[in-house]
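Next comes input05.txt, with compact mmCIF, N, CA and C atoms.
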# COMPACT_ATOMS: atom_id res chain seq x y z
N MET N 1 -17.74 -0.46 8.14
CA MET N 1 -16.91 0.23 9.11
C MET N 1 -15.49 0.37 8.54
N ARG N 2 -14.90 1.50 8.76
CA ARG N 2 -13.55 1.75 8.26
C ARG N 2 -12.53 0.97 9.08
N LYS N 3 -11.46 0.56 8.37
CA LYS N 3 -10.37 -0.14 9.04
C LYS N 3 -9.15 0.76 9.08
N TYR N 4 -8.41 0.66 10.17
CA TYR N 4 -7.18 1.41 10.33
C TYR N 4 -6.06 0.44 10.68
N TYR N 5 -4.93 0.57 10.00
CA TYR N 5 -3.76 -0.24 10.30
C TYR N 5 -2.76 0.64 11.03
N ILE N 6 -2.06 0.05 11.98
CA ILE N 6 -1.06 0.79 12.76
C ILE N 6 0.31 0.55 12.15
N ALA N 7 1.00 1.66 11.91
CA ALA N 7 2.38 1.59 11.40
C ALA N 7 3.32 1.99 12.51
N ALA N 8 4.50 1.37 12.52
CA ALA N 8 5.56 1.73 13.46
C ALA N 8 6.65 2.44 12.69
N PHE N 9 7.00 3.66 13.10
CA PHE N 9 8.08 4.44 12.52
C PHE N 9 9.28 4.27 13.45
N VAL N 10 10.27 3.52 13.00
CA VAL N 10 11.42 3.18 13.83
C VAL N 10 12.63 4.02 13.40
N PRO N 11 13.15 4.87 14.30
CA PRO N 11 14.34 5.65 13.95
C PRO N 11 15.55 4.73 13.78
N GLU N 12 16.33 4.99 12.74
CA GLU N 12 17.52 4.20 12.47
C GLU N 12 18.75 5.06 12.76
N LYS N 13 19.91 4.41 12.85
CA LYS N 13 21.16 5.09 13.23
C LYS N 13 21.54 6.24 12.30
N GLU N 14 21.34 6.09 11.01
CA GLU N 14 21.81 7.09 10.06
C GLU N 14 20.82 8.25 9.87
N GLY N 15 19.84 8.39 10.76
CA GLY N 15 18.90 9.49 10.68
C GLY N 15 17.66 9.20 9.85
N SER N 16 17.56 8.01 9.33
CA SER N 16 16.39 7.63 8.55
C SER N 16 15.39 6.91 9.46
N PHE N 17 14.30 6.46 8.86
CA PHE N 17 13.28 5.72 9.59
C PHE N 17 12.90 4.48 8.78
N SER N 18 12.60 3.42 9.48
CA SER N 18 11.97 2.26 8.87
C SER N 18 10.51 2.30 9.27
N VAL N 19 9.64 1.89 8.36
CA VAL N 19 8.21 1.89 8.64
C VAL N 19 7.68 0.47 8.45
N TYR N 20 7.02 -0.02 9.48
CA TYR N 20 6.49 -1.38 9.48
C TYR N 20 4.97 -1.35 9.64
N PHE N 21 4.28 -2.12 8.81
CA PHE N 21 2.87 -2.44 9.01
C PHE N 21 2.86 -3.94 9.29
N PRO N 22 3.03 -4.35 10.53
CA PRO N 22 3.23 -5.77 10.80
C PRO N 22 2.03 -6.67 10.48
N ASP N 23 0.86 -6.08 10.28
CA ASP N 23 -0.32 -6.90 9.95
C ASP N 23 -0.41 -7.25 8.47
N VAL N 24 0.37 -6.56 7.64
CA VAL N 24 0.29 -6.74 6.19
C VAL N 24 1.61 -7.32 5.69
N PRO N 25 1.62 -8.56 5.23
CA PRO N 25 2.86 -9.18 4.78
C PRO N 25 3.57 -8.34 3.71
N GLY N 26 4.86 -8.10 3.95
CA GLY N 26 5.68 -7.36 3.01
C GLY N 26 5.57 -5.85 3.09
N ALA N 27 4.76 -5.34 4.00
CA ALA N 27 4.54 -3.89 4.10
C ALA N 27 5.59 -3.25 5.00
N VAL N 28 6.77 -3.05 4.43
CA VAL N 28 7.88 -2.39 5.12
C VAL N 28 8.47 -1.39 4.14
N THR N 29 8.73 -0.19 4.61
CA THR N 29 9.32 0.84 3.76
C THR N 29 10.19 1.72 4.64
N GLY N 30 10.62 2.83 4.13
CA GLY N 30 11.45 3.72 4.93
C GLY N 30 11.64 5.05 4.24
N GLY N 31 12.32 5.95 4.92
CA GLY N 31 12.58 7.27 4.37
C GLY N 31 13.44 8.08 5.31
N TYR N 32 13.67 9.33 4.93
CA TYR N 32 14.57 10.19 5.71
C TYR N 32 13.85 11.25 6.52
N SER N 33 12.53 11.32 6.42
CA SER N 33 11.76 12.22 7.27
C SER N 33 10.44 11.52 7.60
N LEU N 34 9.78 11.98 8.66
CA LEU N 34 8.49 11.38 9.00
C LEU N 34 7.47 11.63 7.90
N GLU N 35 7.54 12.80 7.27
CA GLU N 35 6.61 13.11 6.19
C GLU N 35 6.79 12.15 5.01
N GLU N 36 8.05 11.94 4.64
CA GLU N 36 8.36 11.02 3.55
C GLU N 36 7.89 9.60 3.90
N CYS N 37 8.13 9.19 5.12
CA CYS N 37 7.72 7.85 5.56
C CYS N 37 6.20 7.71 5.56
N ALA N 38 5.50 8.77 5.95
CA ALA N 38 4.04 8.71 5.95
C ALA N 38 3.52 8.53 4.52
N GLU N 39 4.12 9.24 3.59
CA GLU N 39 3.72 9.12 2.18
C GLU N 39 4.02 7.72 1.65
N TYR N 40 5.24 7.25 1.87
CA TYR N 40 5.62 5.91 1.40
C TYR N 40 4.79 4.83 2.10
N GLY N 41 4.54 5.04 3.38
CA GLY N 41 3.74 4.07 4.13
C GLY N 41 2.33 3.96 3.58
N ALA N 42 1.70 5.09 3.31
CA ALA N 42 0.34 5.07 2.74
C ALA N 42 0.34 4.37 1.39
N ASP N 43 1.37 4.63 0.59
CA ASP N 43 1.47 4.01 -0.73
C ASP N 43 1.60 2.49 -0.64
N ILE N 44 2.51 2.02 0.22
CA ILE N 44 2.74 0.58 0.29
C ILE N 44 1.53 -0.14 0.88
N LEU N 45 0.88 0.49 1.87
CA LEU N 45 -0.31 -0.12 2.45
C LEU N 45 -1.39 -0.26 1.39
N GLU N 46 -1.63 0.81 0.65
CA GLU N 46 -2.66 0.77 -0.40
C GLU N 46 -2.31 -0.25 -1.47
N ASP N 47 -1.08 -0.23 -1.96
CA ASP N 47 -0.68 -1.15 -3.03
C ASP N 47 -0.83 -2.61 -2.62
N LEU N 48 -0.32 -2.95 -1.45
CA LEU N 48 -0.35 -4.35 -1.04
C LEU N 48 -1.76 -4.83 -0.72
N LEU N 49 -2.57 -4.01 -0.09
CA LEU N 49 -3.95 -4.43 0.20
C LEU N 49 -4.77 -4.55 -1.08
N GLN N 50 -4.56 -3.64 -2.02
CA GLN N 50 -5.28 -3.74 -3.29
C GLN N 50 -4.83 -4.95 -4.10
N GLU N 51 -3.54 -5.29 -4.02
CA GLU N 51 -3.05 -6.50 -4.69
C GLU N 51 -3.73 -7.74 -4.11
N LEU N 52 -3.83 -7.79 -2.78
CA LEU N 52 -4.50 -8.93 -2.14
C LEU N 52 -5.96 -9.01 -2.58
N ALA N 53 -6.64 -7.86 -2.59
CA ALA N 53 -8.06 -7.83 -2.98
C ALA N 53 -8.23 -8.25 -4.44
N ALA N 54 -7.38 -7.75 -5.33
CA ALA N 54 -7.47 -8.09 -6.75
C ALA N 54 -7.22 -9.58 -6.97
N ALA N 55 -6.34 -10.17 -6.17
CA ALA N 55 -6.04 -11.60 -6.28
C ALA N 55 -7.02 -12.45 -5.48
N LYS N 56 -8.02 -11.80 -4.87
CA LYS N 56 -9.04 -12.48 -4.07
C LYS N 56 -8.43 -13.29 -2.93
N LYS N 57 -7.37 -12.73 -2.35
CA LYS N 57 -6.73 -13.34 -1.19
C LYS N 57 -7.28 -12.68 0.07
N PRO N 58 -7.21 -13.36 1.20
CA PRO N 58 -7.75 -12.79 2.43
C PRO N 58 -7.03 -11.49 2.82
N ILE N 59 -7.80 -10.53 3.28
CA ILE N 59 -7.27 -9.25 3.75
C ILE N 59 -7.03 -9.39 5.26
N PRO N 60 -5.79 -9.16 5.73
CA PRO N 60 -5.51 -9.31 7.16
C PRO N 60 -6.27 -8.28 7.98
N GLU N 61 -6.72 -8.70 9.12
CA GLU N 61 -7.40 -7.80 10.05
C GLU N 61 -6.36 -6.97 10.78
N PRO N 62 -6.65 -5.71 11.02
CA PRO N 62 -5.72 -4.87 11.79
C PRO N 62 -5.67 -5.34 13.25
N SER N 63 -4.50 -5.25 13.83
CA SER N 63 -4.29 -5.62 15.24
C SER N 63 -4.41 -4.38 16.12
N ASN N 64 -4.55 -4.63 17.41
CA ASN N 64 -4.54 -3.52 18.36
C ASN N 64 -3.09 -3.09 18.62
N MET N 65 -2.93 -1.99 19.34
CA MET N 65 -1.61 -1.40 19.56
C MET N 65 -0.64 -2.37 20.23
N GLU N 66 -1.06 -3.05 21.25
CA GLU N 66 -0.15 -3.96 21.96
C GLU N 66 0.34 -5.08 21.06
N THR N 67 -0.56 -5.61 20.24
CA THR N 67 -0.17 -6.68 19.31
C THR N 67 0.80 -6.15 18.27
N VAL N 68 0.55 -4.95 17.77
CA VAL N 68 1.46 -4.34 16.78
C VAL N 68 2.84 -4.16 17.40
N LYS N 69 2.90 -3.67 18.62
CA LYS N 69 4.19 -3.47 19.29
C LYS N 69 4.94 -4.79 19.42
N ARG N 70 4.24 -5.85 19.79
CA ARG N 70 4.89 -7.16 19.92
C ARG N 70 5.39 -7.66 18.56
N LYS N 71 4.56 -7.51 17.53
CA LYS N 71 4.95 -7.97 16.19
C LYS N 71 6.18 -7.22 15.67
N VAL N 72 6.21 -5.90 15.89
CA VAL N 72 7.35 -5.10 15.43
C VAL N 72 8.61 -5.51 16.18
N ALA N 73 8.50 -5.71 17.49
CA ALA N 73 9.66 -6.13 18.28
C ALA N 73 10.18 -7.48 17.77
N LYS N 74 9.26 -8.38 17.46
CA LYS N 74 9.65 -9.70 16.94
C LYS N 74 10.33 -9.58 15.58
N MET N 75 9.77 -8.75 14.70
CA MET N 75 10.36 -8.56 13.36
C MET N 75 11.77 -8.01 13.46
N ARG N 76 11.95 -7.03 14.33
CA ARG N 76 13.27 -6.43 14.50
C ARG N 76 14.26 -7.45 15.07
N LYS N 77 13.82 -8.20 16.05
CA LYS N 77 14.69 -9.20 16.68
C LYS N 77 15.10 -10.26 15.67
N GLU N 78 14.14 -10.73 14.86
CA GLU N 78 14.44 -11.74 13.85
C GLU N 78 15.41 -11.23 12.80
N SER N 79 15.42 -9.91 12.59
CA SER N 79 16.34 -9.29 11.63
C SER N 79 17.67 -8.90 12.27
N GLY N 80 17.82 -9.18 13.57
CA GLY N 80 19.04 -8.83 14.28
C GLY N 80 19.16 -7.34 14.57
N LEU N 81 18.04 -6.65 14.64
CA LEU N 81 18.03 -5.20 14.87
C LEU N 81 17.40 -4.89 16.23
N ALA N 82 17.96 -3.90 16.88
CA ALA N 82 17.40 -3.45 18.16
C ALA N 82 16.14 -2.62 17.89
N LEU N 83 15.28 -2.54 18.89
CA LEU N 83 14.08 -1.70 18.81
C LEU N 83 14.28 -0.53 19.76
N PRO N 84 14.51 0.68 19.23
CA PRO N 84 14.73 1.83 20.09
C PRO N 84 13.47 2.17 20.90
N ASP N 85 13.67 2.97 21.93
CA ASP N 85 12.54 3.36 22.79
C ASP N 85 11.64 4.41 22.14
N ASP N 86 12.17 5.17 21.19
CA ASP N 86 11.42 6.29 20.64
C ASP N 86 10.71 5.95 19.31
N VAL N 87 10.08 4.79 19.26
CA VAL N 87 9.30 4.39 18.09
C VAL N 87 8.00 5.19 18.10
N HIS N 88 7.62 5.67 16.93
CA HIS N 88 6.38 6.42 16.77
C HIS N 88 5.36 5.50 16.09
N TYR N 89 4.13 5.48 16.61
CA TYR N 89 3.07 4.66 16.03
C TYR N 89 1.99 5.57 15.46
N GLN N 90 1.47 5.19 14.29
CA GLN N 90 0.47 6.02 13.63
C GLN N 90 -0.58 5.15 12.96
N LEU N 91 -1.82 5.60 13.02
CA LEU N 91 -2.92 4.92 12.33
C LEU N 91 -2.97 5.36 10.87
N PHE N 92 -3.23 4.40 9.98
CA PHE N 92 -3.44 4.68 8.57
C PHE N 92 -4.78 4.08 8.16
N LEU N 93 -5.60 4.89 7.52
CA LEU N 93 -6.88 4.41 7.02
C LEU N 93 -6.64 3.44 5.87
N ALA N 94 -7.26 2.28 5.95
CA ALA N 94 -7.13 1.30 4.86
C ALA N 94 -7.84 1.83 3.62
N PRO N 95 -7.30 1.58 2.44
CA PRO N 95 -7.95 2.04 1.21
C PRO N 95 -9.22 1.24 0.94
N SER N 96 -10.04 1.77 0.07
CA SER N 96 -11.22 1.04 -0.37
C SER N 96 -10.76 -0.19 -1.14
N LEU N 97 -11.34 -1.32 -0.83
CA LEU N 97 -10.95 -2.57 -1.50
C LEU N 97 -12.11 -3.18 -2.28
N ASP N 98 -13.12 -2.38 -2.54
CA ASP N 98 -14.27 -2.86 -3.30
C ASP N 98 -13.85 -3.03 -4.75
N MET N 99 -13.64 -4.27 -5.16
CA MET N 99 -13.14 -4.56 -6.50
C MET N 99 -14.27 -5.02 -7.45
N VAL N 100 -15.52 -4.75 -7.08
CA VAL N 100 -16.63 -5.12 -7.94
C VAL N 100 -16.66 -4.18 -9.14
N PRO N 101 -16.63 -4.71 -10.35
CA PRO N 101 -16.65 -3.84 -11.53
C PRO N 101 -17.94 -3.01 -11.60
N VAL N 102 -17.81 -1.78 -12.02
CA VAL N 102 -18.93 -0.87 -12.20
C VAL N 102 -18.90 -0.38 -13.64
N LYS N 103 -20.03 -0.52 -14.33
CA LYS N 103 -20.09 -0.08 -15.72
C LYS N 103 -20.24 1.44 -15.74
N ILE N 104 -19.39 2.10 -16.56
CA ILE N 104 -19.43 3.55 -16.69
C ILE N 104 -19.38 3.93 -18.16
N THR N 105 -19.68 5.16 -18.45
CA THR N 105 -19.53 5.69 -19.80
C THR N 105 -18.44 6.74 -19.75
N VAL N 106 -17.48 6.63 -20.66
CA VAL N 106 -16.37 7.57 -20.73
C VAL N 106 -16.32 8.11 -22.16
N SER N 107 -16.18 9.41 -22.29
CA SER N 107 -16.05 10.02 -23.61
C SER N 107 -14.60 10.41 -23.84
N LEU N 108 -14.04 9.92 -24.95
CA LEU N 108 -12.66 10.23 -25.32
C LEU N 108 -12.62 10.62 -26.79
N PRO N 109 -11.69 11.46 -27.16
CA PRO N 109 -11.50 11.71 -28.60
C PRO N 109 -11.16 10.40 -29.31
N LYS N 110 -11.63 10.26 -30.54
CA LYS N 110 -11.44 9.02 -31.29
C LYS N 110 -9.96 8.63 -31.37
N ALA N 111 -9.07 9.60 -31.60
CA ALA N 111 -7.64 9.30 -31.71
C ALA N 111 -7.10 8.72 -30.40
N ILE N 112 -7.55 9.24 -29.28
CA ILE N 112 -7.10 8.73 -27.97
C ILE N 112 -7.64 7.32 -27.75
N LEU N 113 -8.90 7.09 -28.12
CA LEU N 113 -9.48 5.77 -27.97
C LEU N 113 -8.73 4.75 -28.82
N GLU N 114 -8.39 5.11 -30.04
CA GLU N 114 -7.63 4.20 -30.90
C GLU N 114 -6.25 3.90 -30.31
N GLU N 115 -5.61 4.94 -29.78
CA GLU N 115 -4.30 4.75 -29.15
C GLU N 115 -4.42 3.85 -27.92
N ALA N 116 -5.46 4.07 -27.13
CA ALA N 116 -5.68 3.24 -25.94
C ALA N 116 -5.90 1.78 -26.33
N ASP N 117 -6.69 1.55 -27.37
CA ASP N 117 -6.94 0.18 -27.81
C ASP N 117 -5.65 -0.51 -28.26
N LYS N 118 -4.79 0.23 -28.97
CA LYS N 118 -3.51 -0.34 -29.41
C LYS N 118 -2.63 -0.69 -28.21
N LYS N 119 -2.56 0.23 -27.26
CA LYS N 119 -1.73 -0.02 -26.07
C LYS N 119 -2.30 -1.18 -25.25
N ALA N 120 -3.60 -1.24 -25.14
CA ALA N 120 -4.23 -2.33 -24.40
C ALA N 120 -3.87 -3.67 -25.03
N GLU N 121 -3.92 -3.73 -26.35
CA GLU N 121 -3.58 -4.97 -27.05
C GLU N 121 -2.11 -5.34 -26.83
N VAL N 122 -1.22 -4.36 -26.95
CA VAL N 122 0.21 -4.61 -26.76
C VAL N 122 0.50 -5.15 -25.37
N TYR N 123 -0.15 -4.57 -24.36
CA TYR N 123 0.12 -4.95 -22.97
C TYR N 123 -0.80 -6.04 -22.43
N GLY N 124 -1.69 -6.54 -23.27
CA GLY N 124 -2.55 -7.65 -22.86
C GLY N 124 -3.69 -7.25 -21.95
N PHE N 125 -4.20 -6.04 -22.10
CA PHE N 125 -5.32 -5.55 -21.31
C PHE N 125 -6.55 -5.36 -22.17
N THR N 126 -7.68 -5.30 -21.52
CA THR N 126 -8.88 -4.79 -22.16
C THR N 126 -8.84 -3.27 -22.00
N ARG N 127 -9.78 -2.57 -22.62
CA ARG N 127 -9.84 -1.11 -22.39
C ARG N 127 -9.98 -0.82 -20.90
N SER N 128 -10.88 -1.52 -20.27
CA SER N 128 -11.11 -1.30 -18.83
C SER N 128 -9.87 -1.62 -18.02
N GLY N 129 -9.21 -2.71 -18.36
CA GLY N 129 -8.00 -3.10 -17.65
C GLY N 129 -6.89 -2.07 -17.81
N LEU N 130 -6.76 -1.52 -19.03
CA LEU N 130 -5.76 -0.48 -19.27
C LEU N 130 -6.05 0.76 -18.44
N LEU N 131 -7.31 1.17 -18.41
CA LEU N 131 -7.69 2.34 -17.62
C LEU N 131 -7.41 2.11 -16.13
N ALA N 132 -7.77 0.93 -15.64
CA ALA N 132 -7.51 0.62 -14.23
C ALA N 132 -6.02 0.64 -13.92
N GLN N 133 -5.22 0.05 -14.81
CA GLN N 133 -3.77 0.03 -14.62
C GLN N 133 -3.20 1.44 -14.65
N ALA N 134 -3.71 2.26 -15.56
CA ALA N 134 -3.23 3.66 -15.66
C ALA N 134 -3.53 4.43 -14.38
N VAL N 135 -4.70 4.23 -13.83
CA VAL N 135 -5.06 4.90 -12.57
C VAL N 135 -4.13 4.47 -11.45
N ARG N 136 -3.84 3.17 -11.36
CA ARG N 136 -2.91 2.70 -10.33
C ARG N 136 -1.53 3.28 -10.54
N ALA N 137 -1.05 3.30 -11.77
CA ALA N 137 0.30 3.82 -12.05
C ALA N 137 0.37 5.32 -11.82
N TYR N 138 -0.67 6.04 -12.16
CA TYR N 138 -0.67 7.49 -12.00
C TYR N 138 -0.61 7.86 -10.53
N GLY N 139 -1.20 7.05 -9.67
CA GLY N 139 -1.20 7.33 -8.23
C GLY N 139 0.13 7.13 -7.56
N GLN N 140 1.09 6.53 -8.23
CA GLN N 140 2.37 6.23 -7.60
C GLN N 140 3.28 7.36 -7.73
Just dump the structure as structure tokens.
Amino acid sequence: MRKYYIAAFVPEKEGSFSVYFPDVPGAVTGGYSLEECAEYGADILEDLLQELAAAKKPIPEPSNMETVKRKVAKMRKESGLALPDDVHYQLFLAPSLDMVPVKITVSLPKAILEEADKKAEVYGFTRSGLLAQAVRAYGQ
């Protein structure tokens, strides 16, 4: 079953927004438009949940709307910030967290493979690890 996390888009005084995913530790971002915040929010949610999965740490369960509202109010209060009335809440689909390795065949030109092997060695990765890291970095 798919999981959805609720984000709170909180308008700030200077026309920007703060975005909170109170169920995911450290998942706070912001931006100057709702579109920008949605993009940054999706990125931080994906990054932090995938980091937890890769580290084999427990993945937090999403809360219901009332619990999210209470958590956001508490976070704002603890930070000495007011919670405006016009907070926008949005569901975000959790990314796939299936970290089970899958064996694949990839065809690359020999020169690219040699370059990849050198870079993998320099950065302390295997070929597979380098490819996985490149995919994560490219998505940012």
Write out as JSON lines the residues of range 76-128 of chain N that have any atom within 5 Å of an atom of range 5-11 of chain N, one row each with the nearest atom pair and its distance in Å to one decimal, counting only N, CA and C atoms, sorted by chain and then rising number.
{"residue": "N:Val87", "atom": "CA", "partner": "N:Phe9", "partner_atom": "C", "distance": 4.6}
{"residue": "N:His88", "atom": "C", "partner": "N:Phe9", "partner_atom": "N", "distance": 3.9}
{"residue": "N:Tyr89", "atom": "CA", "partner": "N:Ala7", "partner_atom": "C", "distance": 4.4}
{"residue": "N:Gln90", "atom": "C", "partner": "N:Ala7", "partner_atom": "N", "distance": 4.0}
{"residue": "N:Leu91", "atom": "CA", "partner": "N:Tyr5", "partner_atom": "C", "distance": 4.5}
{"residue": "N:Phe92", "atom": "N", "partner": "N:Tyr5", "partner_atom": "C", "distance": 3.9}
{"residue": "N:Ala94", "atom": "N", "partner": "N:Tyr5", "partner_atom": "N", "distance": 5.0}
- Message: Taking the DSSP secondary structure from the backbone, can you list the residues of range 13-118 of chain N that are alpha helix (DSSP H), as a VMD selection string?
- Response: chain N and resid 34 to 54 65 to 78 110 to 118
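Distance check against Phe17 in chain N using only C-alpha atoms: of N:Ala73, N:Ala120, N:Leu97, N:Leu83, the minimum falls on N:Leu83.
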- Judged by only C-alpha atoms, the minimum distance to Thr105 in chain N among N:Lys69, N:Pro84, N:Ser128, N:Gly15 is found for N:Ser128
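Between Glu14 in chain N and the residues N:Tyr32, N:Tyr138, N:Glu114, N:Asp43, the shortest atom-to-atom distance, using all atoms listed in the file, involves N:Tyr32.
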- Could you state the separation of atom N of Val19 in chain N and atom N of Gly31 in chain N in Å, given to one decimal place? 6.0 Å
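Ranking N:Gly129, N:Thr67, N:Ala82, N:Met75 by their shortest atom-to-atom distance to Pro101 in chain N, with only C-alpha atoms included, puts N:Gly129 first.
All residues of range 48-118 of chain N that DSSP, run on the backbone, classes as strand (DSSP E) are His88, Tyr89, Gln90, Leu91, Phe92 and Leu93 of chain N.
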- Distance query range 49-62 of chain N at most 8 Å, all atoms listed in the file, self and fewer than 4 positions along chain excluded, as a ChimeraX atom specification: /N:3-6,23-25,43-45,68,95-99
- Would you be able to write out as an MDAnalysis selection string which residues have an atom within 6 Å of (4.9, -5.7, 11.6) in the file's coordinates, counting only C-alpha atoms? chainID N and resid 20:23 71:72
I'd like the contact shell of Lys119 in chain N - 12 Å cut-off, only C-alpha atoms, skipping same-chain residues fewer than 6 positions apart - returned as a tab-separated table (two decimals) with N, CA and C atoms, keeping the file's coordinate frame.
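Printed below is result.tsv as written:
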chain	number	residue	atom	x	y	z
N	112	ILE	N	-7.55	9.24	-29.28
N	112	ILE	CA	-7.10	8.73	-27.97
N	112	ILE	C	-7.64	7.32	-27.75
N	113	LEU	N	-8.90	7.09	-28.12
N	113	LEU	CA	-9.48	5.77	-27.97
N	113	LEU	C	-8.73	4.75	-28.82
N	125	PHE	N	-4.20	-6.04	-22.10
N	125	PHE	CA	-5.32	-5.55	-21.31
N	125	PHE	C	-6.55	-5.36	-22.17
N	126	THR	N	-7.68	-5.30	-21.52
N	126	THR	CA	-8.88	-4.79	-22.16
N	126	THR	C	-8.84	-3.27	-22.00
N	127	ARG	N	-9.78	-2.57	-22.62
N	127	ARG	CA	-9.84	-1.11	-22.39
N	127	ARG	C	-9.98	-0.82	-20.90
N	128	SER	N	-10.88	-1.52	-20.27
N	128	SER	CA	-11.11	-1.30	-18.83
N	128	SER	C	-9.87	-1.62	-18.02
N	129	GLY	N	-9.21	-2.71	-18.36
N	129	GLY	CA	-8.00	-3.10	-17.65
N	129	GLY	C	-6.89	-2.07	-17.81
N	130	LEU	N	-6.76	-1.52	-19.03
N	130	LEU	CA	-5.76	-0.48	-19.27
N	130	LEU	C	-6.05	0.76	-18.44
N	131	LEU	N	-7.31	1.17	-18.41
N	131	LEU	CA	-7.69	2.34	-17.62
N	131	LEU	C	-7.41	2.11	-16.13
N	133	GLN	N	-5.22	0.05	-14.81
N	133	GLN	CA	-3.77	0.03	-14.62
N	133	GLN	C	-3.20	1.44	-14.65
N	134	ALA	N	-3.71	2.26	-15.56
N	134	ALA	CA	-3.23	3.66	-15.66
N	134	ALA	C	-3.53	4.43	-14.38
